[in-house]
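Visitor: What follows is a structure written as structure tokens; I'll ask about it next.
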Amino acid sequence: MLDAAPIRTDWTRAEAEKIYNQPFMDLLFQAQSVHRQAFDPNQVQKSKLLSIKTGGCPEDCAYCSQSARNGAKLSASKLIEVERVIAEAKKARDAGATRYCMGAAWRSPKERDMAALEAMIHGVRELGMETCMTLGMLEEDQVFRLRDAGLDYYNHNIDTSERYYSEIITTRTFADRIETLNRVREAGIKVCAGGIVGMGEEQMDRIDMLLALATLDEHPDSVPVNMLIPIADTPLADVRKLDPIEFVRTIALARILMPNSHVRLSAGRTDMSDELQAMCFFAGANSIFVGETLLTADNPEEDKDQQLFDRLGLVAMEAHCEGRVGEGRTGEAGE
């Protein structure tokens, strides 16, 4: 078995830039080699994402149709009923998802909503699924309540580099996001944090976004890498599409900098060819969202995902299995 890749939190920009810009075949070889040291290369985690409260968000994230500030015409809804969340989670589990993610379009949750959120966590866990929530910024007491309810993961993306951040969001700071991540981690909840590429940023912004995560005291357990889905009437509706090779380079850098993290191929898969997705899996992506929607955006249908898995010989990770080397490997690679 190969020696595990070292876990570092002292990466420098020069190192990351050199890795990112090396010849593409060398980059893919390095990323796949690192990936095999920690993970079964033929296992991919399937997660399902449900919007539990849609629209009317007071934030001004330029990419988001749920913002009440940026011109998109998505009407606001109330927090949906706990029973409906559990019913949808059961459908997702029966369709093969092992992690259930619940997202609310809030700046932060209100006290009146906490009991319902705790009940959702309890209900999903009773189905044997891992739980994840994304609710915006959290106060310390809210973090502990979610943890005590049994929340496994908390998602809070940093979105982009600190330099480019104010071009995308002005209603909260980059430091606000890092503070929330630190609170969640210190409380013992696993961190899920990544960002969005293709928002008009420079190459160095993509590198710096990943560096910000790779130099935290602990790497996030899960790193979602989203390709921007341009939404009509938002400020980024007409942004130039990112070169697919640049996207694969971003996936590969995430894998190399954070070798033990799940790198999630997230939003934007509907516009990706099977070949591009396969290249992302080879570069170290080992988690996807399944289902027809991601919050409010389209996502590939589950039968299409299964067809791709079958063509590539990929299998879904089981619930509460990290897909690490030695956890029910499906092949001999890396042995």
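Chain labels run A, B, ... following the order of the structure tokens; each chain numbers its residues from 1, and ligands are numbered from 1 in the order shown.
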Range 180-229 of chain A near range 263-283 of chain A within 10 Å: what's each residue's closest atom pair and its distance in Å to one decimal, counting only C-alpha atoms, ordered by chain then ascending residue number, as a tab-separated table?
Guide:
residue	atom	partner	partner_atom	distance
A:Cys192	CA	A:Arg264	CA	9.7
A:Ala193	CA	A:Val263	CA	9.9
A:Gly194	CA	A:Arg264	CA	8.7
A:Gly195	CA	A:Ser266	CA	9.7
A:Ile196	CA	A:Ala267	CA	8.5
A:Pro220	CA	A:Val263	CA	9.7
A:Asp221	CA	A:Val263	CA	8.7
A:Ser222	CA	A:Val263	CA	5.9
A:Val223	CA	A:Val263	CA	4.8
A:Pro224	CA	A:Arg264	CA	4.3
A:Val225	CA	A:Leu265	CA	5.7
A:Asn226	CA	A:Ala267	CA	4.7
A:Met227	CA	A:Gly268	CA	4.8
A:Leu228	CA	A:Gly268	CA	6.3
A:Ile229	CA	A:Gly268	CA	5.7
Visitor: Kindly export the residues of the current selection with C-alpha atoms, as a short mmCIF file (atom, residue, chain, number, x, y, z; two decimals), in the first residue's frame.
Guide:
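Written output follows (part-v4.cif):
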data_model
loop_
_atom_site.label_atom_id
_atom_site.label_comp_id
_atom_site.auth_asym_id
_atom_site.auth_seq_id
_atom_site.Cartn_x
_atom_site.Cartn_y
_atom_site.Cartn_z
CA CYS A 192 -17.95 21.32 4.55
CA ALA A 193 -16.52 24.38 2.78
CA GLY A 194 -15.64 25.18 -0.79
CA GLY A 195 -16.52 27.75 -3.39
CA ILE A 196 -17.69 28.68 -6.87
CA PRO A 220 -12.56 20.75 5.71
CA ASP A 221 -13.86 17.20 5.57
CA SER A 222 -15.71 18.08 2.37
CA VAL A 223 -14.73 20.65 -0.27
CA PRO A 224 -17.51 21.42 -2.80
CA VAL A 225 -16.23 22.90 -6.06
CA ASN A 226 -19.10 24.53 -7.94
CA MET A 227 -19.12 25.69 -11.54
CA LEU A 228 -21.20 28.85 -11.77
CA ILE A 229 -24.69 28.32 -13.19
#
Visitor: Residues of range 204-315 of chain A that approach range 41-46 of chain A to 7 Å or less, counting only C-alpha atoms: could you list each one with the shortest pair of atoms and its distance in Å to one decimal, rows by chain and increasing residue number, as CSV?
Guide:
residue,atom,partner,partner_atom,distance
A:Asn286,CA,A:Val44,CA,4.5
A:Ser287,CA,A:Gln45,CA,4.4
A:Ile288,CA,A:Lys46,CA,5.4
A:Phe289,CA,A:Lys46,CA,5.8
A:Val290,CA,A:Lys46,CA,6.3
A:Gly313,CA,A:Asn42,CA,6.7
A:Leu314,CA,A:Asn42,CA,4.8
A:Val315,CA,A:Gln43,CA,5.0
Visitor: List the spatial neighbours of Arg147 in chain A as a list of chain:residue names - criterion: any atom at most 12 Å away, only C-alpha atoms, same-chain residues fewer than 6 positions off excluded.
Guide: A:Met114, A:Leu117, A:Glu118, A:Ile121, A:His122, A:Thr131, A:Cys132, A:Met133, A:Leu138, A:Glu140, A:Asp141, A:Tyr153, A:Tyr154, A:Arg183, A:Val184, A:Arg185, A:Glu186, A:Ala187, A:Gly188, A:Ile189, A:Lys190, A:Val191
Visitor: For N, CA and C atoms, I'd like the residues from the last selection saved as a short mmCIF file (atom, residue, chain, number, x, y, z; two decimals), in the first residue's frame.
Guide:
data_model
loop_
_atom_site.label_atom_id
_atom_site.label_comp_id
_atom_site.auth_asym_id
_atom_site.auth_seq_id
_atom_site.Cartn_x
_atom_site.Cartn_y
_atom_site.Cartn_z
N MET A 114 -35.15 27.04 15.39
CA MET A 114 -34.16 26.07 15.86
C MET A 114 -34.77 24.72 16.21
N LEU A 117 -35.33 22.72 13.10
CA LEU A 117 -34.06 22.26 12.54
C LEU A 117 -33.53 21.06 13.32
N GLU A 118 -33.63 21.12 14.63
CA GLU A 118 -33.18 19.99 15.45
C GLU A 118 -34.00 18.74 15.16
N ILE A 121 -32.84 17.14 11.90
CA ILE A 121 -31.59 16.39 12.09
C ILE A 121 -31.89 15.03 12.72
N HIS A 122 -32.70 15.02 13.79
CA HIS A 122 -33.05 13.76 14.45
C HIS A 122 -33.70 12.79 13.45
N THR A 131 -26.10 13.67 8.17
CA THR A 131 -26.82 14.93 8.08
C THR A 131 -25.87 16.09 7.83
N CYS A 132 -26.32 17.02 6.99
CA CYS A 132 -25.56 18.24 6.72
C CYS A 132 -26.55 19.38 6.60
N MET A 133 -26.19 20.55 7.10
CA MET A 133 -27.03 21.74 6.96
C MET A 133 -26.19 22.92 6.51
N LEU A 138 -23.65 31.36 12.06
CA LEU A 138 -24.18 30.78 13.28
C LEU A 138 -23.57 31.44 14.51
N GLU A 140 -22.66 31.04 18.61
CA GLU A 140 -22.07 29.91 19.32
C GLU A 140 -23.12 28.97 19.89
N ASP A 141 -24.19 29.52 20.49
CA ASP A 141 -25.21 28.65 21.07
C ASP A 141 -25.95 27.86 20.01
N TYR A 153 -22.39 17.35 9.66
CA TYR A 153 -21.60 18.28 8.84
C TYR A 153 -22.32 19.63 8.76
N TYR A 154 -21.52 20.68 8.68
CA TYR A 154 -22.08 22.01 8.42
C TYR A 154 -21.38 22.59 7.20
N ARG A 183 -15.97 28.22 14.38
CA ARG A 183 -16.92 27.86 15.43
C ARG A 183 -17.44 26.45 15.25
N VAL A 184 -17.78 26.12 14.05
CA VAL A 184 -18.33 24.80 13.76
C VAL A 184 -17.29 23.73 14.06
N ARG A 185 -16.07 23.93 13.58
CA ARG A 185 -15.01 22.94 13.79
C ARG A 185 -14.70 22.77 15.28
N GLU A 186 -14.61 23.88 16.00
CA GLU A 186 -14.26 23.81 17.42
C GLU A 186 -15.34 23.12 18.24
N ALA A 187 -16.59 23.14 17.75
CA ALA A 187 -17.68 22.46 18.45
C ALA A 187 -17.72 20.98 18.16
N GLY A 188 -16.92 20.52 17.20
CA GLY A 188 -16.87 19.11 16.89
C GLY A 188 -17.74 18.66 15.73
N ILE A 189 -18.32 19.62 14.99
CA ILE A 189 -19.07 19.29 13.78
C ILE A 189 -18.11 19.31 12.60
N LYS A 190 -18.24 18.36 11.71
CA LYS A 190 -17.36 18.33 10.55
C LYS A 190 -17.69 19.48 9.60
N VAL A 191 -16.66 20.04 9.01
CA VAL A 191 -16.80 21.22 8.16
C VAL A 191 -16.88 20.83 6.70
#
Visitor: Pull the helix (DSSP H, G or I) assignments for range 58-135 of chain A out of DSSP run on the backbone, and list those residues as a count of residues only.
Guide: 29
Visitor: As a ChimeraX atom specification, please: every residue in range 55-290 of chain A that a backbone DSSP assignment puts in strand (DSSP E or B).
Guide: /A:57,67,99-104,130-134,153-155,159,190-192,195-197,222-227,262-265,285-290
Visitor: Counting only C-alpha atoms, which residues in range 192-269 of chain A sit no more than 10 Å from range 7-24 of chain A? For each one, give the nearest pair of atoms and the distance in Å, sorted by chain then residue number, as a tab-separated table.
Guide:
residue	atom	partner	partner_atom	distance
A:Gln203	CA	A:Glu17	CA	9.3
A:Met204	CA	A:Glu17	CA	7.7
A:Arg206	CA	A:Tyr20	CA	9.8
A:Ile207	CA	A:Ala16	CA	6.8
A:Asp208	CA	A:Arg13	CA	7.2
A:Leu210	CA	A:Ala16	CA	8.9
A:Leu211	CA	A:Trp11	CA	7.1
A:Ala212	CA	A:Trp11	CA	9.5
A:Leu213	CA	A:Thr9	CA	8.8
A:Ala214	CA	A:Thr9	CA	5.7
A:Thr215	CA	A:Thr9	CA	4.3
A:Leu216	CA	A:Thr9	CA	6.4
A:Asp217	CA	A:Thr9	CA	6.6
A:Glu218	CA	A:Thr9	CA	7.2
A:His219	CA	A:Thr9	CA	7.6
A:Ile245	CA	A:Phe24	CA	8.5
A:Glu246	CA	A:Tyr20	CA	9.1
A:Val248	CA	A:Phe24	CA	9.3
A:Arg249	CA	A:Tyr20	CA	6.1
A:Thr250	CA	A:Tyr20	CA	7.4
A:Ile251	CA	A:Tyr20	CA	9.8
A:Ala252	CA	A:Tyr20	CA	7.8
A:Leu253	CA	A:Tyr20	CA	6.0
A:Ala254	CA	A:Tyr20	CA	9.6
A:Ile256	CA	A:Ile19	CA	8.5
A:Leu257	CA	A:Arg8	CA	7.6
A:Met258	CA	A:Ile7	CA	7.1
A:Pro259	CA	A:Ile7	CA	6.9
A:Asn260	CA	A:Ile7	CA	7.7
